[in-house]
Structures are given as C-alpha cells and as structure tokens.
>>> print(open('start11.pdb').read())   # PDB, C-alpha atoms
ATOM      1  CA  MET K 401      11.375 -16.200  -4.398
ATOM      2  CA  THR K 402       8.019 -15.893  -6.133
ATOM      3  CA  LEU K 403       7.359 -12.294  -7.042
ATOM      4  CA  ARG K 404       4.002 -11.355  -8.498
ATOM      5  CA  ILE K 405       3.055  -8.314 -10.551
ATOM      6  CA  GLY K 406      -0.004  -6.272  -9.656
ATOM      7  CA  ILE K 407      -1.819  -3.089 -10.591
ATOM      8  CA  SER K 408      -3.578  -0.606  -8.323
ATOM      9  CA  THR K 409      -6.993   0.712  -9.303
ATOM     10  CA  ALA K 410      -5.549   4.107  -8.294
ATOM     11  CA  ASN K 411      -3.934   4.201 -11.743
ATOM     12  CA  LEU K 412      -7.366   4.769 -13.281
ATOM     13  CA  TYR K 413      -8.812   7.212 -10.717
ATOM     14  CA  PRO K 414     -11.409   8.758 -10.910
ATOM     15  CA  MET K 415     -12.920   5.813 -12.778
ATOM     16  CA  ASN K 416     -15.311   3.805 -10.598
ATOM     17  CA  ILE K 417     -13.448   0.860  -9.078
ATOM     18  CA  GLU K 418     -15.777  -1.761 -10.512
ATOM     19  CA  ASP K 419     -15.199  -0.416 -14.028
ATOM     20  CA  THR K 420     -11.405  -0.657 -13.857
ATOM     21  CA  PHE K 421     -11.173  -4.435 -14.160
ATOM     22  CA  ALA K 422     -12.195  -4.414 -17.821
ATOM     23  CA  TYR K 423      -9.164  -2.220 -18.532
ATOM     24  CA  LEU K 424      -6.750  -4.050 -16.241
ATOM     25  CA  GLU K 425      -7.602  -7.476 -17.614
ATOM     26  CA  GLY K 426      -4.868  -8.910 -19.787
ATOM     27  CA  GLN K 427      -2.316  -6.218 -18.984
ATOM     28  CA  GLY K 428       0.182  -8.727 -17.604
ATOM     29  CA  ALA K 429      -0.679  -8.722 -13.914
ATOM     30  CA  ARG K 430      -2.314 -11.305 -11.685
ATOM     31  CA  ASP K 431      -2.951  -9.155  -8.620
ATOM     32  CA  VAL K 432      -4.863  -5.956  -8.034
ATOM     33  CA  GLU K 433      -4.977  -3.437  -5.225
ATOM     34  CA  ILE K 434      -8.317  -1.797  -4.559
ATOM     35  CA  PHE K 435      -7.948   1.886  -3.768
ATOM     36  CA  VAL K 436     -11.162   2.628  -1.898
ATOM     37  CA  ASN K 437     -12.416   6.187  -2.347
ATOM     38  CA  THR K 438     -15.500   6.510  -0.140
ATOM     39  CA  THR K 439     -17.558   4.887   2.610
ATOM     40  CA  SER K 440     -20.044   3.160   0.305
ATOM     41  CA  GLU K 441     -17.165   1.118  -1.123
ATOM     42  CA  VAL K 442     -16.427  -0.656   2.161
ATOM     43  CA  THR K 443     -19.726  -2.503   2.527
ATOM     44  CA  LYS K 444     -19.629  -6.295   2.423
ATOM     45  CA  SER K 445     -21.960  -6.391  -0.591
ATOM     46  CA  PHE K 446     -19.794  -3.972  -2.586
ATOM     47  CA  ALA K 447     -16.609  -5.827  -1.655
ATOM     48  CA  THR K 448     -18.144  -9.151  -2.656
ATOM     49  CA  MET K 449     -19.134  -7.676  -6.002
ATOM     50  CA  LEU K 450     -15.559  -6.438  -6.522
ATOM     51  CA  LYS K 451     -14.166  -9.883  -5.753
ATOM     52  CA  ARG K 452     -16.509 -11.441  -8.302
ATOM     53  CA  ARG K 453     -15.652  -8.934 -11.027
ATOM     54  CA  ALA K 454     -11.920  -9.193 -10.368
ATOM     55  CA  TYR K 455     -12.096 -12.969 -10.590
ATOM     56  CA  ALA K 456     -13.930 -12.738 -13.899
ATOM     57  CA  ALA K 457     -11.081 -10.573 -15.202
ATOM     58  CA  GLY K 458      -8.460 -13.089 -14.063
ATOM     59  CA  LEU K 459      -7.324 -10.928 -11.150
ATOM     60  CA  THR K 460      -6.925 -11.570  -7.430
ATOM     61  CA  ILE K 461      -7.596  -8.751  -4.968
ATOM     62  CA  ARG K 462      -4.444  -8.735  -2.881
ATOM     63  CA  SER K 463      -4.859  -5.527  -0.879
ATOM     64  CA  LEU K 464      -7.241  -2.748   0.012
ATOM     65  CA  HIS K 465      -6.008   0.831   0.424
ATOM     66  CA  SER K 466      -8.310   2.700   2.767
ATOM     67  CA  TYR K 467     -10.068   5.952   1.871
ATOM     68  CA  THR K 468      -9.147   7.246   5.349
ATOM     69  CA  SER K 469      -5.550   8.124   4.432
ATOM     70  CA  CYS K 470      -6.057  11.872   4.430
ATOM     71  CA  PHE K 471      -7.531  11.985   7.951
ATOM     72  CA  GLU K 472      -5.958   9.021   9.765
ATOM     73  CA  PRO K 473      -3.812  11.282  11.982
ATOM     74  CA  TYR K 474      -6.973  13.086  13.164
ATOM     75  CA  LEU K 475      -9.109   9.961  13.474
ATOM     76  CA  LEU K 476      -6.597   7.531  14.966
ATOM     77  CA  PHE K 477      -3.589   9.373  16.341
ATOM     78  CA  SER K 478      -4.927  12.407  18.187
ATOM     79  CA  GLN K 479      -5.014  13.046  21.930
ATOM     80  CA  TYR K 480      -8.784  12.524  21.964
ATOM     81  CA  GLU K 481      -9.180   8.900  23.025
ATOM     82  CA  ARG K 482     -12.879   8.654  22.214
ATOM     83  CA  ARG K 483     -12.225   9.572  18.595
ATOM     84  CA  PHE K 484      -9.735   6.710  18.366
ATOM     85  CA  GLU K 485     -12.366   4.322  19.730
ATOM     86  CA  ASP K 486     -14.741   5.521  17.017
ATOM     87  CA  GLY K 487     -11.898   5.075  14.533
ATOM     88  CA  LEU K 488     -11.706   1.420  15.501
ATOM     89  CA  LYS K 489     -15.375   1.113  14.508
ATOM     90  CA  VAL K 490     -14.608   2.727  11.143
ATOM     91  CA  PHE K 491     -11.792   0.274  10.583
ATOM     92  CA  THR K 492     -13.982  -2.647  11.561
ATOM     93  CA  THR K 493     -16.027  -1.973   8.423
ATOM     94  CA  ILE K 494     -12.833  -1.620   6.372
ATOM     95  CA  PHE K 495     -11.434  -4.925   7.630
ATOM     96  CA  GLN K 496     -14.770  -6.622   7.019
ATOM     97  CA  ALA K 497     -14.771  -5.314   3.459
ATOM     98  CA  ALA K 498     -11.211  -6.529   2.917
ATOM     99  CA  GLN K 499     -12.198  -9.951   4.213
ATOM    100  CA  ALA K 500     -15.210 -10.069   1.874
ATOM    101  CA  ALA K 501     -13.019  -9.031  -1.067
ATOM    102  CA  GLY K 502     -10.511 -11.763  -0.267
ATOM    103  CA  ALA K 503      -7.708  -9.258   0.377
ATOM    104  CA  ASP K 504      -4.713 -10.220   2.481
ATOM    105  CA  TYR K 505      -3.798  -6.664   3.452
ATOM    106  CA  VAL K 506      -5.195  -3.276   4.417
ATOM    107  CA  ILE K 507      -2.808  -0.360   3.932
ATOM    108  CA  LEU K 508      -2.422   2.503   6.401
ATOM    109  CA  HIS K 509      -0.658   5.848   6.019
ATOM    110  CA  GLY K 510      -0.782   6.218   9.784
ATOM    111  CA  ASP K 511       0.370   9.066  11.991
ATOM    112  CA  ARG K 512       1.373  12.485  10.694
ATOM    113  CA  ASP K 513       4.965  13.699  10.991
ATOM    114  CA  PRO K 514       5.446  15.197  13.490
ATOM    115  CA  GLY K 515       2.694  13.588  15.508
ATOM    116  CA  VAL K 516       1.068  14.901  18.679
ATOM    117  CA  LEU K 517       1.495  11.595  20.518
ATOM    118  CA  PRO K 518       4.766  10.169  21.807
ATOM    119  CA  ALA K 519       6.104   7.633  19.326
ATOM    120  CA  ALA K 520       5.511   4.698  21.683
ATOM    121  CA  GLN K 521       1.845   5.644  22.139
ATOM    122  CA  SER K 522       1.375   6.175  18.404
ATOM    123  CA  ILE K 523       2.803   2.721  17.775
ATOM    124  CA  ARG K 524       0.475   1.200  20.398
ATOM    125  CA  ARG K 525      -2.457   2.667  18.461
ATOM    126  CA  PHE K 526      -1.183   0.920  15.335
ATOM    127  CA  GLU K 527      -0.957  -2.327  17.323
ATOM    128  CA  LYS K 528      -4.611  -2.091  18.374
ATOM    129  CA  LEU K 529      -5.600  -1.615  14.737
ATOM    130  CA  TYR K 530      -3.361  -4.510  13.702
ATOM    131  CA  ASP K 531      -4.968  -6.793  16.295
ATOM    132  CA  LEU K 532      -8.430  -5.756  15.108
ATOM    133  CA  GLY K 533      -7.532  -6.622  11.525
ATOM    134  CA  ARG K 534      -6.316 -10.078  12.512
ATOM    135  CA  GLU K 535      -9.782 -10.797  13.925
ATOM    136  CA  TYR K 536     -10.969 -10.696  10.296
ATOM    137  CA  GLY K 537      -7.977 -12.553   8.847
ATOM    138  CA  VAL K 538      -6.502  -9.352   7.413
ATOM    139  CA  THR K 539      -3.015  -7.937   8.041
ATOM    140  CA  LEU K 540      -2.558  -4.193   8.520
ATOM    141  CA  LEU K 541       0.464  -2.787   6.692
ATOM    142  CA  GLN K 542       2.198   0.507   7.430
ATOM    143  CA  GLU K 543       3.251   2.470   4.342
ATOM    144  CA  ASN K 544       6.194   4.879   4.167
ATOM    145  CA  VAL K 545       4.422   8.052   3.026
ATOM    146  CA  VAL K 546       6.024  11.491   2.910
ATOM    147  CA  ARG K 547       4.930  13.775   5.784
ATOM    148  CA  PHE K 548       3.845  10.732   7.801
ATOM    149  CA  ARG K 549       5.926   9.286  10.592
ATOM    150  CA  ALA K 550       6.768   6.050   8.812
ATOM    151  CA  CYS K 551       8.545   7.935   6.030
ATOM    152  CA  HIS K 552      11.566   7.883   8.345
ATOM    153  CA  PRO K 553      13.611   4.668   8.632
ATOM    154  CA  GLU K 554      14.146   5.446  12.319
ATOM    155  CA  TYR K 555      10.420   5.282  13.035
ATOM    156  CA  VAL K 556      10.128   2.043  11.050
ATOM    157  CA  ARG K 557      12.875   0.554  13.221
ATOM    158  CA  GLU K 558      11.129   1.823  16.348
ATOM    159  CA  MET K 559       7.904   0.129  15.258
ATOM    160  CA  ARG K 560       9.758  -3.133  14.752
ATOM    161  CA  ALA K 561      11.502  -2.918  18.109
ATOM    162  CA  GLN K 562       8.200  -2.295  19.914
ATOM    163  CA  LEU K 563       5.873  -4.584  17.948
ATOM    164  CA  GLY K 564       8.033  -7.427  16.680
ATOM    165  CA  ASP K 565       6.222  -9.431  13.995
ATOM    166  CA  LYS K 566       3.175  -7.155  14.165
ATOM    167  CA  ALA K 567       5.175  -4.437  12.395
ATOM    168  CA  GLN K 568       4.685  -5.184   8.706
ATOM    169  CA  PHE K 569       5.093  -2.804   5.807
ATOM    170  CA  VAL K 570       4.339  -1.542   2.336
ATOM    171  CA  LEU K 571       7.448  -0.161   0.661
ATOM    172  CA  ASP K 572       6.556   2.662  -1.741
ATOM    173  CA  PHE K 573       9.318   3.691  -4.160
ATOM    174  CA  LYS K 574       7.911   7.129  -5.035
ATOM    175  CA  GLN K 575       7.378   7.970  -1.375
ATOM    176  CA  CYS K 576      11.049   7.217  -0.683
ATOM    177  CA  ARG K 577      11.960   9.644  -3.454
ATOM    178  CA  ARG K 578       9.641  12.333  -2.088
ATOM    179  CA  THR K 579      11.036  11.941   1.402
ATOM    180  CA  GLY K 580      14.628  11.950   0.204
ATOM    181  CA  VAL K 581      15.308   8.494   1.650
ATOM    182  CA  PRO K 582      17.253   6.160  -0.663
ATOM    183  CA  ILE K 583      15.182   3.087  -1.483
ATOM    184  CA  PRO K 584      17.951   0.708  -0.302
ATOM    185  CA  GLU K 585      17.966   2.449   3.078
ATOM    186  CA  MET K 586      14.246   1.864   3.533
ATOM    187  CA  ILE K 587      14.582  -1.737   2.342
ATOM    188  CA  ASP K 588      17.189  -2.211   5.061
ATOM    189  CA  ALA K 589      14.920  -0.700   7.738
ATOM    190  CA  MET K 590      11.963  -2.883   6.681
ATOM    191  CA  SER K 591      14.028  -5.975   5.852
ATOM    192  CA  GLY K 592      12.183  -9.191   6.634
ATOM    193  CA  ALA K 593       8.869  -7.367   7.144
ATOM    194  CA  ILE K 594       8.064  -6.063   3.642
ATOM    195  CA  ARG K 595       4.839  -7.677   2.482
ATOM    196  CA  HIS K 596       3.900  -5.445  -0.433
ATOM    197  CA  VAL K 597       5.638  -2.970  -2.770
ATOM    198  CA  HIS K 598       4.213   0.079  -4.545
ATOM    199  CA  ILE K 599       6.512   0.319  -7.530
ATOM    200  CA  SER K 600       7.161   3.101 -10.027
ATOM    201  CA  ASP K 601       9.932   4.553 -12.149
ATOM    202  CA  CYS K 602      11.525   8.003 -12.131
ATOM    203  CA  THR K 603      13.771  10.499 -13.881
ATOM    204  CA  ASP K 604      15.714  13.458 -12.511
ATOM    205  CA  THR K 605      12.583  15.603 -12.834
ATOM    206  CA  GLU K 606       9.696  13.122 -12.372
ATOM    207  CA  ASP K 607       9.321  10.967  -9.260
ATOM    208  CA  CYS K 608       6.426   8.733 -10.375
ATOM    209  CA  LEU K 609       6.414   7.122 -13.811
ATOM    210  CA  MET K 610       5.466   3.828 -15.427
ATOM    211  CA  PRO K 611       8.146   1.146 -14.937
ATOM    212  CA  GLY K 612      10.435   1.164 -17.954
ATOM    213  CA  VAL K 613       9.949   4.847 -18.794
ATOM    214  CA  GLY K 614      12.567   6.226 -16.407
ATOM    215  CA  GLN K 615      15.986   5.341 -15.099
ATOM    216  CA  GLU K 616      15.356   3.099 -12.076
ATOM    217  CA  ASP K 617      17.528  -0.018 -11.907
ATOM    218  CA  PHE K 618      14.792  -2.546 -11.195
ATOM    219  CA  PRO K 619      16.951  -5.702 -11.302
ATOM    220  CA  ALA K 620      19.278  -4.217  -8.668
ATOM    221  CA  LEU K 621      16.393  -3.171  -6.404
ATOM    222  CA  LEU K 622      14.604  -6.495  -6.817
ATOM    223  CA  ARG K 623      17.809  -8.298  -5.837
ATOM    224  CA  MET K 624      17.894  -6.210  -2.656
ATOM    225  CA  LEU K 625      14.274  -7.085  -1.995
ATOM    226  CA  LYS K 626      15.040 -10.757  -2.570
ATOM    227  CA  GLU K 627      17.933 -10.597  -0.108
ATOM    228  CA  SER K 628      15.624  -8.938   2.438
ATOM    229  CA  GLY K 629      13.244 -11.902   2.235
ATOM    230  CA  PHE K 630      10.511 -10.185   0.240
ATOM    231  CA  ASP K 631       8.135 -12.580  -1.494
ATOM    232  CA  GLY K 632       5.053 -10.645  -2.512
ATOM    233  CA  THR K 633       3.468  -8.363  -5.099
ATOM    234  CA  LEU K 634       5.132  -5.562  -7.027
ATOM    235  CA  MET K 635       2.085  -3.327  -7.338
ATOM    236  CA  ILE K 636       2.250  -0.648 -10.032
ATOM    237  CA  GLU K 637       0.770   2.419  -8.340
ATOM    238  CA  LEU K 638       0.763   5.675 -10.263
ATOM    239  CA  TYR K 639      -1.603   8.582 -10.756
ATOM    240  CA  ARG K 640      -3.604   8.863 -13.964
ATOM    241  CA  ARG K 641      -1.601  11.941 -14.963
ATOM    242  CA  ASN K 642       1.627   9.892 -14.948
ATOM    243  CA  PHE K 643       0.881   8.108 -18.228
ATOM    244  CA  ASP K 644      -1.052   8.787 -21.417
ATOM    245  CA  LYS K 645      -2.680   5.556 -22.594
ATOM    246  CA  ILE K 646      -4.022   2.746 -20.440
ATOM    247  CA  SER K 647      -2.223   0.329 -22.743
ATOM    248  CA  GLU K 648       1.063   1.619 -21.294
ATOM    249  CA  ILE K 649       0.327  -0.394 -18.147
ATOM    250  CA  SER K 650       1.086  -3.582 -20.066
ATOM    251  CA  LYS K 651       4.544  -2.213 -20.924
ATOM    252  CA  GLY K 652       5.140  -1.502 -17.248
ATOM    253  CA  CYS K 653       4.158  -5.058 -16.386
ATOM    254  CA  ALA K 654       6.499  -6.365 -19.091
ATOM    255  CA  THR K 655       9.384  -4.314 -17.674
ATOM    256  CA  LEU K 656       8.848  -5.830 -14.240
ATOM    257  CA  ALA K 657       8.460  -9.334 -15.666
ATOM    258  CA  LYS K 658      11.833  -8.983 -17.406
ATOM    259  CA  ALA K 659      13.482  -7.713 -14.210
ATOM    260  CA  ILE K 660      12.069 -10.673 -12.277
ATOM    261  CA  ALA K 661      13.361 -13.043 -14.952
ATOM    262  CA  ASP K 662      16.789 -11.402 -14.883
ATOM    263  CA  ILE K 663      17.274 -11.873 -11.162
ATOM    264  CA  SER K 664      15.927 -15.407 -11.344
ATOM    265  CA  LYS K 665      18.766 -16.284 -13.713
ATOM    266  CA  ALA K 666      21.404 -14.794 -11.410
TER
END
>>> encode(input="start11.pdb", output="structure tokens")
Amino acid sequence: MTLRIGISTANLYPMNIEDTFAYLEGQGARDVEIFVNTTSEVTKSFATMLKRRAYAAGLTIRSLHSYTSCFEPYLLFSQYERRFEDGLKVFTTIFQAAQAAGADYVILHGDRDPGVLPAAQSIRRFEKLYDLGREYGVTLLQENVVRFRACHPEYVREMRAQLGDKAQFVLDFKQCRRTGVPIPEMIDAMSGAIRHVHISDCTDTEDCLMPGVGQEDFPALLRMLKESGFDGTLMIELYRRNFDKISEISKGCATLAKAIADISKA
C-alpha cells in the first residue's frame, strides 16, 4: 500500500488556480487536485501552464475537478438527447485539458437525486463519458455527493453491476457525513474501485475541518481503505472558510502522514 497525500486548490478558492501553488509548496503533499472554476481554465495552453507551475512547486497534478458540477444533471442527464451530445463536446475539452495537465482523473458529480432518467440509462450516460475520457488517457471518477444519485451506496453498487471495471470512484468523507451514510458503508460499496479520496475531519457540529482538528479516527478509516484495495491519494479538500491560516494545511498533511505511518507499522 502506497498512500500519497494531496491538496485540492479548492482549499484556496477564490484565489486563481495558478497562484495557489506558491502557497501549497512545501506543505507536506506531493499531489494536487485542480478545481477548475470556468471555461477558460480548460484550454490546453492553460492546462500546460498549470502543469509547469505545479512541477516547479514540487507537485504532481493528479486530478481535475470539473467546473460543470453544478449543472451536470441538466447538461448530461436530462431527457433531451441533443443536449447530452453537446455535453460530450464540453467534456472533450475537459478531458483534453486533463491530459495536457498530466492528470490521471477527471471527477464528476453526475446525476441529480432523484434523476429524471431510469437508473440504467443514467449509468449508460456515465459509461459514454467514461469511454470518451479513455480516448485521452484519462479516467472518469464518480464522486459520492449529497443530493446526487451516487450519494447512495445502492446506486454505487448498481453502477458497478452494470459497468464492471468502468465504475470507478472518488470517496468524499464530508459528503458521506452530509448524506448520513457512514464512511465504512460507502467504503464497502466502492471497495476495490476507489481511486481517489477527498479527506477531511469533523466534530459533532462541523462536517468539514482540517485533518487533526476534529475527532475522525483516521488510522481506522485508512485501515479499511487498505483492506478495500485502495492505493491512491488522500486529497485534503476543504472550503476556505474551514480554516484560518494557510499554514494549517501543513498540520493536516502531518496528521495524515502520521496515520499512514501508524497503519504501516500494524
């Protein structure tokens, strides 16, 4: 098991993506997730520039989170077939940008819960997007986001039954909390197909905090991930309001590094 630690540029929103690397450098992470915020940030030239700046900061761009999250149900999972075909064109540019940035993954929120399409048809739409991404050497990952279909373990299992190895996932801790699904339950549903983790801490009153600030038992959860076959990046993904100083990110990275070391000794 070789777990890596990463940081999402979403932590520093609304700072311009290209300016975040100077702050993320030296925080204790090797990987970064690019949270794209607008169409001009998915051009090949912009993505190439991001790759160069990340490399200069000692970071590898591991994933790209699309700016389309808020309207993916409308663009990709409606009953209007022509709009889906246009959505494939939109995602062609996103996959091309991910390829230029050197990212392994593009992250999708997917279909709204409840969706207007039958589950099987919704999942076929995901498959078409997945196949398109593979043309550019990029893997599409479905995230478990509250109020989207994949927040339910049952839908995750349905995706896996229908798509086999094409069903691959981002596990987001805070989204489990917001949905009311225990993290171990979602790990079980995604087991063997988790490629990426959005990690955060929590308390009884706050569902998204810097690792080490709350009460989450990270060694226990990382052991579960290890047993599920996970071998990827633990990506710290918070909102800027969830911490005070940017320097706190390094403490979050240190918390995760200790948890990784603890389970390695076991």
>>> closest_residue(input="start11.pdb", among="K:Asp662, K:Asp631, K:Leu609, K:Glu472", to="Thr402 (chain K)", atoms="all atoms listed in the file")
K:Asp631
>>> atom_distance(input="start11.pdb", atom1="CA of Arg640 (chain K)", atom2="CA of Tyr413 (chain K)")
6.4 Å
>>> closest_residue(input="start11.pdb", among="K:Gly515, K:Glu535, K:Thr468, K:Thr460", to="Thr492 (chain K)", atoms="all atoms listed in the file")
K:Glu535
>>> axis_aligned_box(input="start11.pdb", around="region 495-511 of chain K", padding_each_side="4 Å", output="JSON")
{"center_x": -7.4, "center_y": -1.3, "center_z": 5.5, "size_x": 23.6, "size_y": 28.8, "size_z": 21.1}
>>> closest_residue(input="start11.pdb", among="K:Val570, K:Leu532, K:Leu621, K:Ile649", to="Thr633 (chain K)", atoms="only C-alpha atoms")
K:Val570
>>> atom_distance(input="start11.pdb", atom1="CA of Glu433 (chain K)", atom2="CA of Tyr505 (chain K)")
9.3 Å
>>> resolve_selection(input="start11.pdb", expression="the PyMOL selection byres ((chain K and resi 583) around 12)", output="ChimeraX atom specification")
/K:544,551-553,571-582,584-591,597-601,616-618,620-622,624-625
>>> residues_around(input="start11.pdb", residues="Lys645 (chain K)", least_positions_apart="4", cutoff="12 Å", atoms="only C-alpha atoms", output="list in words")
Asn411, Leu412, Tyr423, Met610, Arg640, Arg641, Ile649, Ser650, Lys651 and Gly652 of chain K
>>> atom_distance(input="start11.pdb", atom1="CA of Ala659 (chain K)", atom2="CA of Pro619 (chain K)")
5.0 Å
>>> closest_residue(input="start11.pdb", among="K:Ile660, K:Ala498, K:Leu450, K:Leu529", to="Phe484 (chain K)", atoms="all atoms listed in the file")
K:Leu529
>>> resolve_selection(input="start11.pdb", expression="the PyMOL selection byres ((chain K and resi 560) around 12)", output="PyMOL selection string")
chain K and resi 520+523-524+526-527+542+550+553-559+561-569+589-594
>>> write_last_selection(input="start11.pdb", atoms="C-alpha atoms", output="short mmCIF file (atom, residue, chain, number, x, y, z; two decimals), in the frame of the given file")
data_model
loop_
_atom_site.label_atom_id
_atom_site.label_comp_id
_atom_site.auth_asym_id
_atom_site.auth_seq_id
_atom_site.Cartn_x
_atom_site.Cartn_y
_atom_site.Cartn_z
CA ALA K 520 5.51 4.70 21.68
CA ILE K 523 2.80 2.72 17.77
CA ARG K 524 0.48 1.20 20.40
CA PHE K 526 -1.18 0.92 15.34
CA GLU K 527 -0.96 -2.33 17.32
CA GLN K 542 2.20 0.51 7.43
CA ALA K 550 6.77 6.05 8.81
CA PRO K 553 13.61 4.67 8.63
CA GLU K 554 14.15 5.45 12.32
CA TYR K 555 10.42 5.28 13.04
CA VAL K 556 10.13 2.04 11.05
CA ARG K 557 12.88 0.55 13.22
CA GLU K 558 11.13 1.82 16.35
CA MET K 559 7.90 0.13 15.26
CA ALA K 561 11.50 -2.92 18.11
CA GLN K 562 8.20 -2.30 19.91
CA LEU K 563 5.87 -4.58 17.95
CA GLY K 564 8.03 -7.43 16.68
CA ASP K 565 6.22 -9.43 14.00
CA LYS K 566 3.18 -7.16 14.16
CA ALA K 567 5.18 -4.44 12.40
CA GLN K 568 4.68 -5.18 8.71
CA PHE K 569 5.09 -2.80 5.81
CA ALA K 589 14.92 -0.70 7.74
CA MET K 590 11.96 -2.88 6.68
CA SER K 591 14.03 -5.98 5.85
CA GLY K 592 12.18 -9.19 6.63
CA ALA K 593 8.87 -7.37 7.14
CA ILE K 594 8.06 -6.06 3.64
#
>>> closest_residue(input="start11.pdb", among="K:Asn416, K:Gln521, K:Thr439, K:Gln427", to="Ile636 (chain K)", atoms="only C-alpha atoms")
K:Gln427
>>> residues_around(input="start11.pdb", residues="Phe491 (chain K)", least_positions_apart="3", cutoff="12 Å", atoms="all atoms listed in the file", output="PyMOL selection string")
chain K and resi 439+442-443+464-469+472+475-476+484-488+494-498+506-508+526+528-536+538+540
>>> resolve_selection(input="start11.pdb", expression="the PyMOL selection byres ((chain K and resi 500) around 6)", output="ChimeraX atom specification")
/K:444,447-448,497-499,501-502
>>> write_last_selection(input="start11.pdb", atoms="C-alpha atoms", output="PDB file, in the coordinates of the input")
ATOM      1  CA  LYS K 444     -19.629  -6.295   2.423  1.00  0.00           C
ATOM      2  CA  ALA K 447     -16.609  -5.827  -1.655  1.00  0.00           C
ATOM      3  CA  THR K 448     -18.144  -9.151  -2.656  1.00  0.00           C
ATOM      4  CA  ALA K 497     -14.771  -5.314   3.459  1.00  0.00           C
ATOM      5  CA  ALA K 498     -11.211  -6.529   2.917  1.00  0.00           C
ATOM      6  CA  GLN K 499     -12.198  -9.951   4.213  1.00  0.00           C
ATOM      7  CA  ALA K 501     -13.019  -9.031  -1.067  1.00  0.00           C
ATOM      8  CA  GLY K 502     -10.511 -11.763  -0.267  1.00  0.00           C
TER       9      GLY K 502
END
>>> residues_near_point(input="start11.pdb", point="(2.5, 13.9, 13.9)", cutoff="8 Å", atoms="all atoms listed in the file", output="list in words")
Pro473, Phe477, Asp511, Arg512, Asp513, Pro514, Gly515, Val516, Leu517, Phe548 and Arg549 of chain K
>>> write_last_selection(input="start11.pdb", atoms="C-alpha atoms", output="PDB file, keeping the file's coordinate frame")
ATOM      1  CA  PRO K 473      -3.812  11.282  11.982  1.00  0.00           C
ATOM      2  CA  PHE K 477      -3.589   9.373  16.341  1.00  0.00           C
ATOM      3  CA  ASP K 511       0.370   9.066  11.991  1.00  0.00           C
ATOM      4  CA  ARG K 512       1.373  12.485  10.694  1.00  0.00           C
ATOM      5  CA  ASP K 513       4.965  13.699  10.991  1.00  0.00           C
ATOM      6  CA  PRO K 514       5.446  15.197  13.490  1.00  0.00           C
ATOM      7  CA  GLY K 515       2.694  13.588  15.508  1.00  0.00           C
ATOM      8  CA  VAL K 516       1.068  14.901  18.679  1.00  0.00           C
ATOM      9  CA  LEU K 517       1.495  11.595  20.518  1.00  0.00           C
ATOM     10  CA  PHE K 548       3.845  10.732   7.801  1.00  0.00           C
ATOM     11  CA  ARG K 549       5.926   9.286  10.592  1.00  0.00           C
TER      12      ARG K 549
END
>>> closest_residue(input="start11.pdb", among="K:Lys489, K:Arg547, K:Arg595, K:Arg525", to="Arg462 (chain K)", atoms="all atoms listed in the file")
K:Arg595
>>> residues_around(input="start11.pdb", residues="Asp419 (chain K)", least_positions_apart="2", cutoff="12 Å", atoms="all atoms listed in the file", output="list in words")
Thr409, Leu412, Tyr413, Pro414, Met415, Asn416, Ile417, Phe421, Ala422, Tyr423, Leu424, Glu425, Ile434, Met449, Leu450, Arg453, Ala454 and Ala457 of chain K
